[in-house]
$ cat model.cif   # mmCIF, C-alpha atoms
data_target
#
loop_
_atom_site.label_atom_id
_atom_site.label_comp_id
_atom_site.auth_asym_id
_atom_site.auth_seq_id
_atom_site.Cartn_x
_atom_site.Cartn_y
_atom_site.Cartn_z
CA ALA A 27 19.62 26.13 46.04
CA ILE A 28 17.38 23.13 45.36
CA PHE A 29 14.49 23.49 42.89
CA SER A 30 11.71 20.92 42.95
CA TYR A 31 8.64 20.43 40.78
CA LYS A 32 6.35 17.45 41.08
CA GLU A 33 8.79 14.53 41.38
CA ARG A 34 11.81 16.28 39.89
CA GLU A 35 14.63 18.01 41.74
CA LEU A 36 17.59 20.04 40.44
CA PRO A 37 20.45 21.75 42.29
CA LEU A 38 21.75 25.23 41.46
CA GLN A 39 25.13 26.68 42.37
CA LEU A 40 24.51 30.34 43.15
CA LEU A 41 28.11 31.58 43.15
CA LYS A 42 29.61 31.40 39.67
CA SER A 43 33.40 31.28 39.46
CA ARG A 44 35.21 33.20 36.74
CA MET A 45 38.88 32.81 35.86
CA GLY A 46 40.97 35.83 36.77
CA ALA A 47 38.09 37.75 38.36
CA PRO A 48 38.40 39.09 41.94
CA PRO A 49 35.85 37.82 44.51
CA GLU A 50 33.76 41.00 44.48
CA VAL A 51 33.39 40.82 40.68
CA MET A 52 32.31 37.15 40.84
CA ILE A 53 29.76 37.99 43.55
CA ASN A 54 28.35 40.93 41.58
CA SER A 55 28.08 38.97 38.34
CA SER A 56 26.43 36.07 40.20
CA ILE A 57 23.85 38.45 41.67
CA GLN A 58 23.20 40.02 38.27
CA GLY A 59 22.57 36.59 36.80
CA LEU A 60 20.19 35.32 39.48
CA GLU A 61 17.02 36.16 37.56
CA TYR A 62 18.26 34.27 34.52
CA VAL A 63 19.53 31.17 36.35
CA PHE A 64 16.35 30.95 38.44
CA SER A 65 14.06 31.20 35.40
CA ASN A 66 16.29 28.81 33.47
CA MET A 67 16.10 26.23 36.26
CA ILE A 68 12.30 26.52 36.37
CA ARG A 69 12.20 26.06 32.61
CA LYS A 70 14.25 22.85 32.87
CA LEU A 71 11.82 21.45 35.43
CA ILE A 72 8.52 22.25 33.74
CA VAL A 73 9.32 21.85 30.04
CA ASP A 74 7.23 19.22 28.29
CA TYR A 75 8.09 19.88 24.63
CA LYS A 76 11.70 19.87 23.48
CA PRO A 77 12.49 21.18 19.99
CA LYS A 78 14.80 19.08 17.83
CA ILE A 79 18.29 20.10 16.79
CA ALA A 80 20.65 18.11 14.60
CA PHE A 81 24.38 17.57 14.24
CA ILE A 82 25.15 17.31 10.53
CA GLU A 83 27.20 14.29 9.34
CA GLY A 84 28.81 13.23 6.09
CA HIS A 85 31.54 15.85 5.63
CA GLY A 86 34.09 14.68 8.20
CA GLU A 87 32.39 16.42 11.13
CA LEU A 88 33.07 15.59 14.77
CA SER A 89 31.85 12.10 15.67
CA GLU A 90 29.04 11.29 18.09
CA ILE A 91 31.45 10.45 20.91
CA GLU A 92 33.43 13.66 20.34
CA VAL A 93 30.33 15.78 20.98
CA ARG A 94 28.79 13.56 23.64
CA ASP A 95 29.38 15.99 26.50
CA ILE A 96 27.81 19.00 24.79
CA SER A 97 24.99 16.78 23.50
CA ARG A 98 24.28 15.75 27.08
CA THR A 99 24.04 19.40 28.10
CA LEU A 100 21.90 20.38 25.12
CA SER A 101 19.54 17.48 25.81
CA GLU A 102 18.27 19.40 28.85
CA TYR A 103 16.55 21.74 26.39
CA TYR A 104 16.40 19.91 23.04
CA ARG A 105 16.08 16.51 21.42
CA ILE A 106 19.45 15.77 19.80
CA GLU A 107 19.76 13.88 16.53
CA ARG A 108 22.43 13.30 13.89
CA VAL A 109 21.55 13.78 10.22
CA ARG A 110 23.25 12.98 6.91
CA ILE A 111 21.96 15.30 4.21
CA ASP A 112 23.26 13.20 1.28
CA GLY A 113 21.48 15.44 -1.22
CA GLN A 114 18.04 14.53 0.17
CA ILE A 115 15.91 17.64 -0.27
CA ASN A 116 13.69 16.91 2.75
CA SER A 117 16.45 15.78 5.11
CA LEU A 118 16.12 18.93 7.25
CA SER A 119 12.44 19.70 6.74
CA THR A 120 8.96 18.26 6.56
CA SER A 121 5.81 19.17 4.67
CA LYS A 122 4.76 21.22 7.70
CA GLY A 123 7.99 23.23 7.77
CA ASN A 124 11.33 22.80 9.46
CA SER A 125 11.52 19.72 11.62
CA TYR A 126 14.67 21.01 13.28
CA LYS A 127 14.93 24.21 15.27
CA ALA A 128 18.62 24.46 14.45
CA ILE A 129 21.51 22.49 12.99
CA ILE A 130 25.13 22.31 14.13
CA ILE A 131 27.93 21.96 11.60
CA ALA A 132 30.87 20.91 13.77
CA LYS A 133 34.38 20.94 12.28
CA PRO A 134 33.83 19.44 8.82
CA ASN A 135 37.00 18.63 6.87
CA LEU A 136 35.50 17.38 3.58
CA ALA A 137 33.96 19.52 0.86
CA PHE A 138 30.19 20.08 0.79
CA SER A 139 28.39 19.30 -2.45
CA GLU A 140 26.38 22.08 -4.07
CA LYS A 141 23.22 20.09 -3.38
CA ASP A 142 23.97 19.82 0.35
CA LYS A 143 24.78 23.54 0.42
CA PHE A 144 21.46 24.27 -1.29
CA ILE A 145 19.54 22.22 1.28
CA ILE A 146 21.27 24.05 4.17
CA ASP A 147 20.64 27.39 2.43
CA GLN A 148 16.93 26.67 2.09
CA PHE A 149 16.77 25.47 5.69
CA ILE A 150 17.99 28.96 6.63
CA MET A 151 15.67 30.69 4.15
CA LYS A 152 12.72 28.93 5.83
CA GLY A 153 13.71 30.06 9.33
CA GLY A 154 16.14 27.37 10.49
CA LYS A 155 19.12 28.46 12.58
CA VAL A 156 22.71 27.29 12.17
CA LEU A 157 25.73 27.08 14.45
CA TRP A 158 28.74 27.01 12.13
CA LEU A 159 31.98 25.67 13.65
CA VAL A 160 34.15 25.81 10.56
CA GLU A 161 37.95 25.79 10.18
CA THR A 162 39.98 26.65 7.08
CA VAL A 163 43.33 25.09 8.09
CA LEU A 164 44.06 21.43 8.84
CA ALA A 165 46.16 21.24 11.99
CA SER A 166 46.04 18.72 14.82
CA MET A 167 48.07 18.13 17.96
CA ASP A 168 47.96 14.39 17.20
CA SER A 169 50.84 14.94 14.78
CA LEU A 170 53.00 16.37 17.57
CA ILE A 171 52.74 13.34 19.83
CA THR A 172 55.60 11.57 18.04
CA SER A 173 57.22 14.48 16.21
CA SER A 174 58.10 18.04 17.19
CA THR A 175 57.02 19.51 13.83
CA MET A 176 53.95 19.48 11.61
CA PHE A 177 52.35 21.66 8.94
CA GLY A 178 49.09 23.60 8.99
CA ILE A 179 47.59 23.17 5.51
CA PRO A 180 44.75 25.16 3.89
CA ASN A 181 41.59 23.12 3.51
CA SER A 182 38.61 24.29 1.47
CA ILE A 183 35.29 22.69 2.32
CA ASN A 184 33.37 24.66 -0.32
CA LEU A 185 31.45 26.88 2.13
CA GLU A 186 33.35 30.10 1.43
CA ASP A 187 30.79 31.63 -0.96
CA GLN A 188 27.88 30.69 1.29
CA LEU A 189 29.30 32.22 4.45
CA PHE A 190 30.44 35.28 2.48
CA LYS A 191 26.87 35.79 1.23
CA TYR A 192 25.59 35.63 4.81
CA GLY A 193 28.14 38.19 6.03
CA VAL A 194 31.49 36.65 7.09
CA ARG A 195 34.76 35.35 5.71
CA ILE A 196 36.92 32.85 7.62
CA ASN A 197 40.52 33.55 6.70
CA THR A 198 43.07 30.89 5.76
CA ASN A 199 45.42 31.61 8.64
CA LEU A 200 46.20 30.54 12.18
CA ILE A 201 46.11 32.78 15.22
CA GLN A 202 48.96 32.99 17.70
CA ASP A 203 48.10 34.59 21.02
CA ILE A 204 50.37 35.30 24.00
CA GLN A 205 47.30 34.79 26.23
CA ALA A 206 47.33 31.04 25.71
CA VAL A 207 46.46 27.70 27.33
CA SER A 208 49.36 25.59 28.63
CA ILE A 209 50.09 22.10 27.33
CA PRO A 210 52.26 19.31 28.86
CA VAL A 211 55.56 18.93 26.96
CA ASN A 212 58.36 16.42 27.48
CA THR A 213 61.50 18.51 28.01
CA ALA A 214 63.86 15.60 28.80
CA ILE A 215 66.76 14.64 26.55
CA VAL A 216 65.95 11.69 24.30
CA GLY A 217 66.52 8.41 26.14
CA ASN A 218 66.09 9.90 29.60
CA GLN A 219 63.11 9.63 31.91
CA PRO A 220 60.30 11.92 30.61
CA GLN A 221 60.01 15.27 32.35
CA TRP A 222 56.67 16.91 31.75
CA GLU A 223 56.36 20.66 32.00
CA LEU A 224 53.36 22.90 31.38
CA VAL A 225 54.17 25.58 28.83
CA PRO A 226 51.94 28.18 27.09
CA TRP A 227 51.11 27.10 23.55
CA ILE A 228 50.44 30.20 21.46
CA TYR A 229 48.30 28.26 18.97
CA PHE A 230 45.75 27.61 21.74
CA PRO A 231 44.33 31.07 22.57
CA MET A 232 42.56 31.45 25.88
CA ILE A 233 39.67 33.74 25.02
CA MET A 234 38.32 35.94 27.81
CA PRO A 235 34.81 37.12 26.85
CA VAL A 236 34.51 40.91 27.16
CA SER A 237 31.32 41.52 25.19
CA LYS A 238 28.19 42.34 27.18
CA HIS A 239 26.00 40.44 24.73
CA PRO A 240 23.79 37.93 26.62
CA ILE A 241 25.27 34.98 24.68
CA VAL A 242 28.75 35.47 26.16
CA ASN A 243 28.33 37.92 29.05
CA ASN A 244 30.01 36.65 32.26
CA LEU A 245 31.27 33.45 30.64
CA ASN A 246 34.50 31.95 31.92
CA ALA A 247 37.62 31.71 29.76
CA ILE A 248 37.21 29.64 26.57
CA LYS A 249 39.93 27.46 25.06
CA PHE A 250 40.42 27.53 21.29
CA GLU A 251 42.72 25.27 19.24
CA PHE A 252 44.28 26.28 15.92
CA VAL A 253 41.70 28.96 15.29
CA ASN A 254 41.31 31.23 12.24
CA SER A 255 40.47 34.93 12.18
CA ILE A 256 37.05 36.05 10.91
CA ASP A 257 36.27 39.13 8.83
CA THR A 258 32.78 40.57 8.54
CA VAL A 259 31.76 41.53 5.01
CA ARG A 260 28.94 43.55 3.53
CA ALA A 261 25.62 41.70 3.47
CA ARG A 262 22.45 43.69 2.93
CA GLY A 263 20.23 43.87 6.01
CA ILE A 264 22.50 41.74 8.21
CA LYS A 265 23.63 42.89 11.63
CA LYS A 266 27.02 41.51 12.71
CA THR A 267 27.95 41.24 16.38
CA VAL A 268 31.43 40.09 17.33
CA LEU A 269 30.99 37.79 20.33
CA LEU A 270 34.57 36.66 21.00
CA THR A 271 37.98 38.09 20.15
CA THR A 272 41.58 37.23 20.91
CA SER A 273 43.72 39.27 23.29
CA ARG A 274 45.64 42.48 22.66
CA TYR A 275 48.78 40.46 21.83
CA THR A 276 47.78 38.49 18.75
CA ARG A 277 49.64 37.47 15.63
CA LEU A 278 48.37 36.04 12.33
CA VAL A 279 50.32 33.48 10.30
CA ASN A 280 49.07 32.52 6.85
CA ALA A 281 48.77 28.87 5.83
CA PRO A 282 50.57 26.75 4.86
CA VAL A 283 52.58 27.18 8.05
CA ARG A 284 55.24 25.08 9.76
CA ILE A 285 54.25 24.43 13.39
CA SER A 286 57.06 23.42 15.73
CA LEU A 287 57.22 22.69 19.43
CA ARG A 288 60.54 24.53 19.45
CA ILE A 289 58.72 27.85 19.75
CA ILE A 290 58.03 27.07 23.40
CA ASN A 291 61.72 27.81 24.04
CA GLU A 292 61.35 31.30 22.62
CA LEU A 293 59.98 34.19 24.66
CA PRO A 294 57.27 35.80 22.49
CA ASP A 295 58.27 39.27 21.30
CA GLU A 296 55.24 41.50 21.81
CA LYS A 297 56.15 43.76 18.90
CA PHE A 298 55.35 40.92 16.46
CA PHE A 299 51.99 40.27 18.13
CA ASN A 300 50.47 43.40 16.65
CA LYS A 301 47.08 42.22 15.33
CA PRO A 302 44.94 42.70 18.45
CA PHE A 303 41.40 41.55 19.14
CA GLN A 304 40.85 39.24 16.17
CA PRO A 305 37.20 38.06 15.89
CA VAL A 306 36.75 34.32 16.30
CA ALA A 307 32.97 34.15 16.89
CA VAL A 308 30.35 36.31 15.18
CA LEU A 309 26.56 36.50 15.53
CA LEU A 310 24.66 37.31 12.32
CA GLU A 311 21.07 38.57 12.49
CA GLY A 312 18.62 39.68 9.84
CA GLU A 313 16.92 38.56 6.64
CA PHE A 314 19.48 36.46 4.81
CA GLN A 315 19.73 36.35 1.02
CA SER A 316 19.99 32.94 -0.62
CA VAL A 317 23.44 32.18 -1.97
CA PHE A 318 21.71 30.38 -4.87
CA GLN A 319 19.75 33.40 -6.04
CA ASN A 320 20.10 33.68 -9.86
CA ARG A 321 22.12 30.43 -9.85
CA ILE A 322 19.47 27.73 -10.14
CA PRO A 323 17.47 26.67 -13.21
CA PRO A 324 13.74 27.54 -13.47
CA LYS A 325 12.78 23.88 -12.97
CA ILE A 326 14.18 23.96 -9.42
CA LYS A 327 13.22 27.56 -8.74
CA ASN A 328 9.57 26.96 -9.63
CA SER A 329 9.20 23.49 -8.11
CA GLU A 330 6.36 23.29 -5.58
CA GLU A 331 8.03 20.33 -3.88
CA ILE A 332 11.23 22.28 -3.25
CA GLY A 333 9.51 25.58 -2.45
CA TYR A 334 12.58 27.68 -3.16
CA LYS A 335 12.90 30.91 -1.18
CA LYS A 336 15.38 33.64 -2.05
CA LYS A 337 15.11 35.46 1.29
CA SER A 338 14.70 34.33 4.89
CA PRO A 339 12.39 35.71 7.58
CA PRO A 340 14.23 37.47 10.45
CA ASN A 341 16.76 34.84 11.45
CA LYS A 342 20.04 34.29 13.31
CA MET A 343 23.21 32.22 13.01
CA ILE A 344 26.55 32.03 14.79
CA VAL A 345 29.86 31.48 13.02
CA ILE A 346 32.86 30.24 15.05
CA SER A 347 36.22 29.52 13.41
CA ASP A 348 37.07 26.53 15.61
CA GLY A 349 35.26 23.23 16.08
CA ASP A 350 37.35 22.08 19.01
CA ILE A 351 35.59 24.36 21.50
CA ILE A 352 32.72 21.84 21.62
CA ARG A 353 34.84 18.70 21.22
CA ASN A 354 35.42 16.46 24.19
CA HIS A 355 38.32 14.00 24.30
CA ALA A 356 37.53 10.31 24.40
CA TYR A 357 39.80 7.40 25.27
CA SER A 358 39.62 3.66 24.85
CA LYS A 359 40.68 2.81 28.43
CA PRO A 360 38.38 2.66 30.28
CA ALA A 361 36.14 1.84 27.34
CA ARG A 362 34.94 4.97 25.49
CA THR A 363 35.75 7.28 28.40
CA VAL A 364 34.61 10.86 27.71
CA VAL A 365 36.53 13.77 29.21
CA PRO A 366 34.12 16.70 29.78
CA THR A 367 34.30 19.63 27.39
CA GLY A 368 36.39 22.48 28.78
CA VAL A 369 38.89 20.29 30.61
CA THR A 370 42.37 21.33 29.47
CA LEU A 371 45.11 18.95 28.45
CA ALA A 372 46.96 19.76 31.66
CA GLU A 373 43.97 18.69 33.77
CA GLN A 374 43.13 15.42 32.07
CA THR A 375 43.77 11.96 33.45
CA TYR A 376 44.71 9.88 30.43
CA GLY A 377 43.28 6.39 30.51
CA ASP A 378 45.64 5.39 27.69
CA GLY A 379 48.70 6.42 29.69
CA TRP A 380 49.47 9.22 27.24
CA GLY A 381 50.84 12.29 28.94
CA GLY A 382 51.86 15.07 26.59
CA PHE A 383 53.72 16.19 23.49
CA GLY A 384 57.21 15.77 22.14
CA ALA A 385 59.38 12.72 21.66
CA GLY A 386 62.36 14.42 23.23
CA SER A 387 63.74 17.80 24.11
CA PRO A 388 62.09 20.39 21.86
#
$ encode --input "model.cif" --output "structure tokens"
Amino acid sequence: AIFSYKERELPLQLLKSRMGAPPEVMINSSIQGLEYVFSNMIRKLIVDYKPKIAFIEGHGELSEIEVRDISRTLSEYYRIERVRIDGQINSLSTSKGNSYKAIIIAKPNLAFSEKDKFIIDQFIMKGGKVLWLVETVLASMDSLITSSTMFGIPNSINLEDQLFKYGVRINTNLIQDIQAVSIPVNTAIVGNQPQWELVPWIYFPMIMPVSKHPIVNNLNAIKFEFVNSIDTVRARGIKKTVLLTTSRYTRLVNAPVRISLRIINELPDEKFFNKPFQPVAVLLEGEFQSVFQNRIPPKIKNSEEIGYKKKSPPNKMIVISDGDIIRNHAYSKPARTVVPTGVTLAEQTYGDGWGGFGAGSP
């Protein structure tokens, strides 16, 4: 279908594909979604005002080029900016209220200062929304390019108390899932011509959305990388909705953990994968309590400039225990080439000539 308004034109694919779904299911889900996709397309064409959202910087978050693909998609609905808080009390707000509709905290690996946490907390207390993409274990496939072994190490970024207050805890573990994405691995003996084979990598769960919540209903499979499990905890007045979970055959390994490519030679024993349906994305809704309640001095609490609030209006946030789901790969050849988000390692064409993992037979 082609939608046109004034001098603008946009195409719409009516039949939505879905991994693993039979044709009749894809047709039915496409029909069910017609009202939404039609109204969404009209909205894209006629919108004049775009709210602002910001990617937070300064704590080792994903770089601008690593989120370029998702930024391009979000720009259809929002104005995208990048913001360093740096302890500046008005970095996320103006005298007229919040200048940003929402902020995205994408895979930080450095600790947040208490002042930055306070500013984010008050952004939420004044109605701002947050997409948290936070990991508790440092692990990267980059280490396996030249070696067959690495270690997943716990990494505190000083957000544990804040997220706990809002209603979740991200555990210091890594998920292994038999329902996994395949990666290219060199299975040749050292010194021989490389032989690349695609093998399931249990640290990269392939999440199949099953929830009927509008945020994830009818989505295709989603690739996670080195993801942690999430627990919901008691938070007064907060509704918790699990949006995404792992498969029935899931295993949890606590960090620090030795990660070796040699496990691809072992057939997973289902009896050890006995922690099914681990939450990896949770929606929180309600009136959030400030994590700094009863923790700040009267001078700050009573400051008119700061305008401290101990409770938010009805608000929402999403917590996801993996930042890589929004990260796109980027390569230097051709210059600053961006591979679209959602393209798996097995599907990529590597401008740098890099082709997979393992320096020899794993």
$ atom_distance --input "model.cif" --atom1 "atom CA of A:Asp74" --atom2 "atom CA of A:Ile129"
21.2 Å
$ resolve_selection --input "model.cif" --expression "the PyMOL selection byres ((chain A and resi 186-190) around 10)" --output "ChimeraX atom specification"
/A:143-144,146-147,158,162,182-185,191-197,257-261,315-318,345
$ residues_around --input "model.cif" --residues "A:Pro240" --least-positions-apart "5" --cutoff "12 Å" --atoms "all atoms listed in the file" --output "PyMOL selection string"
chain A and resi 58-59+62+235+245+267+269+309
$ atom_distance --input "model.cif" --atom1 "atom CA of A:Ile264" --atom2 "atom CA of A:Pro340"
9.6 Å
$ closest_residue --input "model.cif" --among "A:Lys265, A:Glu223, A:Pro305, A:Ile332" --to "A:Val236" --atoms "only C-alpha atoms"
A:Pro305
$ atom_distance --input "model.cif" --atom1 "atom CA of A:Leu88" --atom2 "atom CA of A:Gly349"
8.1 Å
$ residues_around --input "model.cif" --residues "A:Ala206" --least-positions-apart "2" --cutoff "8 Å" --atoms "all atoms listed in the file" --output "list of chain:residue names"
A:Asp203, A:Ile204, A:Ser208, A:Pro226, A:Trp227, A:Ile228, A:Tyr229, A:Phe230, A:Pro231, A:Met232
$ residues_around --input "model.cif" --residues "stretch 79-85 of chain A" --least-positions-apart "6" --cutoff "6 Å" --atoms "all atoms listed in the file" --output "PDB file with C-alpha atoms, keeping the file's coordinate frame"
ATOM      1  CA  ILE A 106      19.450  15.770  19.800  1.00  0.00           C
ATOM      2  CA  GLU A 107      19.760  13.880  16.530  1.00  0.00           C
ATOM      3  CA  ARG A 108      22.430  13.300  13.890  1.00  0.00           C
ATOM      4  CA  VAL A 109      21.550  13.780  10.220  1.00  0.00           C
ATOM      5  CA  ARG A 110      23.250  12.980   6.910  1.00  0.00           C
ATOM      6  CA  TYR A 126      14.670  21.010  13.280  1.00  0.00           C
ATOM      7  CA  LYS A 127      14.930  24.210  15.270  1.00  0.00           C
ATOM      8  CA  ALA A 128      18.620  24.460  14.450  1.00  0.00           C
ATOM      9  CA  ILE A 129      21.510  22.490  12.990  1.00  0.00           C
ATOM     10  CA  ILE A 130      25.130  22.310  14.130  1.00  0.00           C
ATOM     11  CA  ILE A 131      27.930  21.960  11.600  1.00  0.00           C
ATOM     12  CA  PRO A 134      33.830  19.440   8.820  1.00  0.00           C
ATOM     13  CA  LEU A 136      35.500  17.380   3.580  1.00  0.00           C
TER      14      LEU A 136
END
$ resolve_selection --input "model.cif" --expression "the PyMOL selection byres ((chain A and resi 337) around 8)" --output "PDB file with C-alpha atoms, keeping the file's coordinate frame"
ATOM      1  CA  MET A 151      15.670  30.690   4.150  1.00  0.00           C
ATOM      2  CA  GLU A 313      16.920  38.560   6.640  1.00  0.00           C
ATOM      3  CA  PHE A 314      19.480  36.460   4.810  1.00  0.00           C
ATOM      4  CA  GLN A 315      19.730  36.350   1.020  1.00  0.00           C
ATOM      5  CA  SER A 316      19.990  32.940  -0.620  1.00  0.00           C
ATOM      6  CA  LYS A 335      12.900  30.910  -1.180  1.00  0.00           C
ATOM      7  CA  LYS A 336      15.380  33.640  -2.050  1.00  0.00           C
ATOM      8  CA  SER A 338      14.700  34.330   4.890  1.00  0.00           C
ATOM      9  CA  PRO A 339      12.390  35.710   7.580  1.00  0.00           C
TER      10      PRO A 339
END
$ closest_residue --input "model.cif" --among "A:Ile68, A:Ile145, A:Gln39, A:Lys133" --to "A:Leu157" --atoms "all atoms listed in the file"
A:Lys133
$ closest_residue --input "model.cif" --among "A:Ile201, A:Phe250, A:Gln221, A:Asn328" --to "A:Gln304" --atoms "all atoms listed in the file"
A:Ile201
$ closest_residue --input "model.cif" --among "A:Ser30, A:His355, A:Tyr334, A:Glu87" --to "A:Leu159" --atoms "all atoms listed in the file"
A:Glu87
$ closest_residue --input "model.cif" --among "A:Pro180, A:Pro77, A:Pro294, A:Pro323" --to "A:Asn199" --atoms "only C-alpha atoms"
A:Pro180
$ residues_around --input "model.cif" --residues "A:Val364" --least-positions-apart "4" --cutoff "9 Å" --atoms "all atoms listed in the file" --output "PDB file with C-alpha atoms, in the coordinates of the input"
ATOM      1  CA  ILE A  91      31.450  10.450  20.910  1.00  0.00           C
ATOM      2  CA  GLU A  92      33.430  13.660  20.340  1.00  0.00           C
ATOM      3  CA  ARG A  94      28.790  13.560  23.640  1.00  0.00           C
ATOM      4  CA  ASP A  95      29.380  15.990  26.500  1.00  0.00           C
ATOM      5  CA  ASN A 354      35.420  16.460  24.190  1.00  0.00           C
ATOM      6  CA  HIS A 355      38.320  14.000  24.300  1.00  0.00           C
ATOM      7  CA  ALA A 356      37.530  10.310  24.400  1.00  0.00           C
ATOM      8  CA  TYR A 357      39.800   7.400  25.270  1.00  0.00           C
TER       9      TYR A 357
END
$ closest_residue --input "model.cif" --among "A:Lys266, A:Val211, A:Lys141, A:Met45" --to "A:Glu311" --atoms "only C-alpha atoms"
A:Lys266
$ build_atoms --input "model.cif" --residues "stretch 307-324 of chain A" --atoms "N, CA, C and O atoms" --output "PDB file, in the coordinates of the input"
ATOM      1  N   ALA A 307      34.373  34.571  16.809  1.00  0.00           N
ATOM      2  CA  ALA A 307      32.970  34.150  16.890  1.00  0.00           C
ATOM      3  C   ALA A 307      32.096  35.360  16.589  1.00  0.00           C
ATOM      4  O   ALA A 307      32.269  36.411  17.198  1.00  0.00           O
ATOM      5  N   VAL A 308      31.172  35.190  15.633  1.00  0.00           N
ATOM      6  CA  VAL A 308      30.350  36.310  15.180  1.00  0.00           C
ATOM      7  C   VAL A 308      28.889  35.861  15.117  1.00  0.00           C
ATOM      8  O   VAL A 308      28.573  34.771  14.605  1.00  0.00           O
ATOM      9  N   LEU A 309      28.017  36.705  15.632  1.00  0.00           N
ATOM     10  CA  LEU A 309      26.560  36.500  15.530  1.00  0.00           C
ATOM     11  C   LEU A 309      26.050  37.305  14.339  1.00  0.00           C
ATOM     12  O   LEU A 309      26.348  38.496  14.208  1.00  0.00           O
ATOM     13  N   LEU A 310      25.276  36.649  13.467  1.00  0.00           N
ATOM     14  CA  LEU A 310      24.660  37.310  12.320  1.00  0.00           C
ATOM     15  C   LEU A 310      23.147  37.299  12.505  1.00  0.00           C
ATOM     16  O   LEU A 310      22.567  36.254  12.816  1.00  0.00           O
ATOM     17  N   GLU A 311      22.514  38.446  12.303  1.00  0.00           N
ATOM     18  CA  GLU A 311      21.070  38.570  12.490  1.00  0.00           C
ATOM     19  C   GLU A 311      20.471  39.367  11.345  1.00  0.00           C
ATOM     20  O   GLU A 311      21.041  40.375  10.917  1.00  0.00           O
ATOM     21  N   GLY A 312      19.314  38.926  10.881  1.00  0.00           N
ATOM     22  CA  GLY A 312      18.620  39.680   9.840  1.00  0.00           C
ATOM     23  C   GLY A 312      17.925  38.762   8.856  1.00  0.00           C
ATOM     24  O   GLY A 312      17.711  37.574   9.112  1.00  0.00           O
ATOM     25  N   GLU A 313      17.559  39.317   7.713  1.00  0.00           N
ATOM     26  CA  GLU A 313      16.920  38.560   6.640  1.00  0.00           C
ATOM     27  C   GLU A 313      17.986  38.179   5.622  1.00  0.00           C
ATOM     28  O   GLU A 313      18.437  39.006   4.836  1.00  0.00           O
ATOM     29  N   PHE A 314      18.375  36.924   5.646  1.00  0.00           N
ATOM     30  CA  PHE A 314      19.480  36.460   4.810  1.00  0.00           C
ATOM     31  C   PHE A 314      19.039  36.263   3.367  1.00  0.00           C
ATOM     32  O   PHE A 314      17.920  35.816   3.096  1.00  0.00           O
ATOM     33  N   GLN A 315      19.957  36.580   2.442  1.00  0.00           N
ATOM     34  CA  GLN A 315      19.730  36.350   1.020  1.00  0.00           C
ATOM     35  C   GLN A 315      20.283  34.974   0.642  1.00  0.00           C
ATOM     36  O   GLN A 315      21.366  34.587   1.076  1.00  0.00           O
ATOM     37  N   SER A 316      19.546  34.257  -0.178  1.00  0.00           N
ATOM     38  CA  SER A 316      19.990  32.940  -0.620  1.00  0.00           C
ATOM     39  C   SER A 316      21.248  33.053  -1.466  1.00  0.00           C
ATOM     40  O   SER A 316      21.337  33.896  -2.370  1.00  0.00           O
ATOM     41  N   VAL A 317      22.218  32.193  -1.188  1.00  0.00           N
ATOM     42  CA  VAL A 317      23.440  32.180  -1.970  1.00  0.00           C
ATOM     43  C   VAL A 317      23.182  31.621  -3.375  1.00  0.00           C
ATOM     44  O   VAL A 317      23.994  31.800  -4.296  1.00  0.00           O
ATOM     45  N   PHE A 318      22.031  30.975  -3.575  1.00  0.00           N
ATOM     46  CA  PHE A 318      21.710  30.380  -4.870  1.00  0.00           C
ATOM     47  C   PHE A 318      20.798  31.255  -5.710  1.00  0.00           C
ATOM     48  O   PHE A 318      20.314  30.826  -6.763  1.00  0.00           O
ATOM     49  N   GLN A 319      20.563  32.475  -5.260  1.00  0.00           N
ATOM     50  CA  GLN A 319      19.750  33.400  -6.040  1.00  0.00           C
ATOM     51  C   GLN A 319      20.413  33.642  -7.400  1.00  0.00           C
ATOM     52  O   GLN A 319      21.612  33.915  -7.487  1.00  0.00           O
ATOM     53  N   ASN A 320      19.628  33.500  -8.477  1.00  0.00           N
ATOM     54  CA  ASN A 320      20.100  33.680  -9.860  1.00  0.00           C
ATOM     55  C   ASN A 320      21.124  32.600 -10.270  1.00  0.00           C
ATOM     56  O   ASN A 320      21.835  32.780 -11.260  1.00  0.00           O
ATOM     57  N   ARG A 321      21.173  31.492  -9.525  1.00  0.00           N
ATOM     58  CA  ARG A 321      22.120  30.430  -9.850  1.00  0.00           C
ATOM     59  C   ARG A 321      21.452  29.099 -10.156  1.00  0.00           C
ATOM     60  O   ARG A 321      22.120  28.150 -10.538  1.00  0.00           O
ATOM     61  N   ILE A 322      20.145  29.015  -9.957  1.00  0.00           N
ATOM     62  CA  ILE A 322      19.470  27.730 -10.140  1.00  0.00           C
ATOM     63  C   ILE A 322      18.547  27.800 -11.355  1.00  0.00           C
ATOM     64  O   ILE A 322      18.010  28.862 -11.690  1.00  0.00           O
ATOM     65  N   PRO A 323      18.336  26.671 -12.020  1.00  0.00           N
ATOM     66  CA  PRO A 323      17.470  26.670 -13.210  1.00  0.00           C
ATOM     67  C   PRO A 323      15.998  26.847 -12.820  1.00  0.00           C
ATOM     68  O   PRO A 323      15.605  26.560 -11.676  1.00  0.00           O
ATOM     69  N   PRO A 324      15.170  27.324 -13.749  1.00  0.00           N
ATOM     70  CA  PRO A 324      13.740  27.540 -13.470  1.00  0.00           C
ATOM     71  C   PRO A 324      13.030  26.293 -12.946  1.00  0.00           C
ATOM     72  O   PRO A 324      12.108  26.392 -12.135  1.00  0.00           O
TER      73      PRO A 324
END
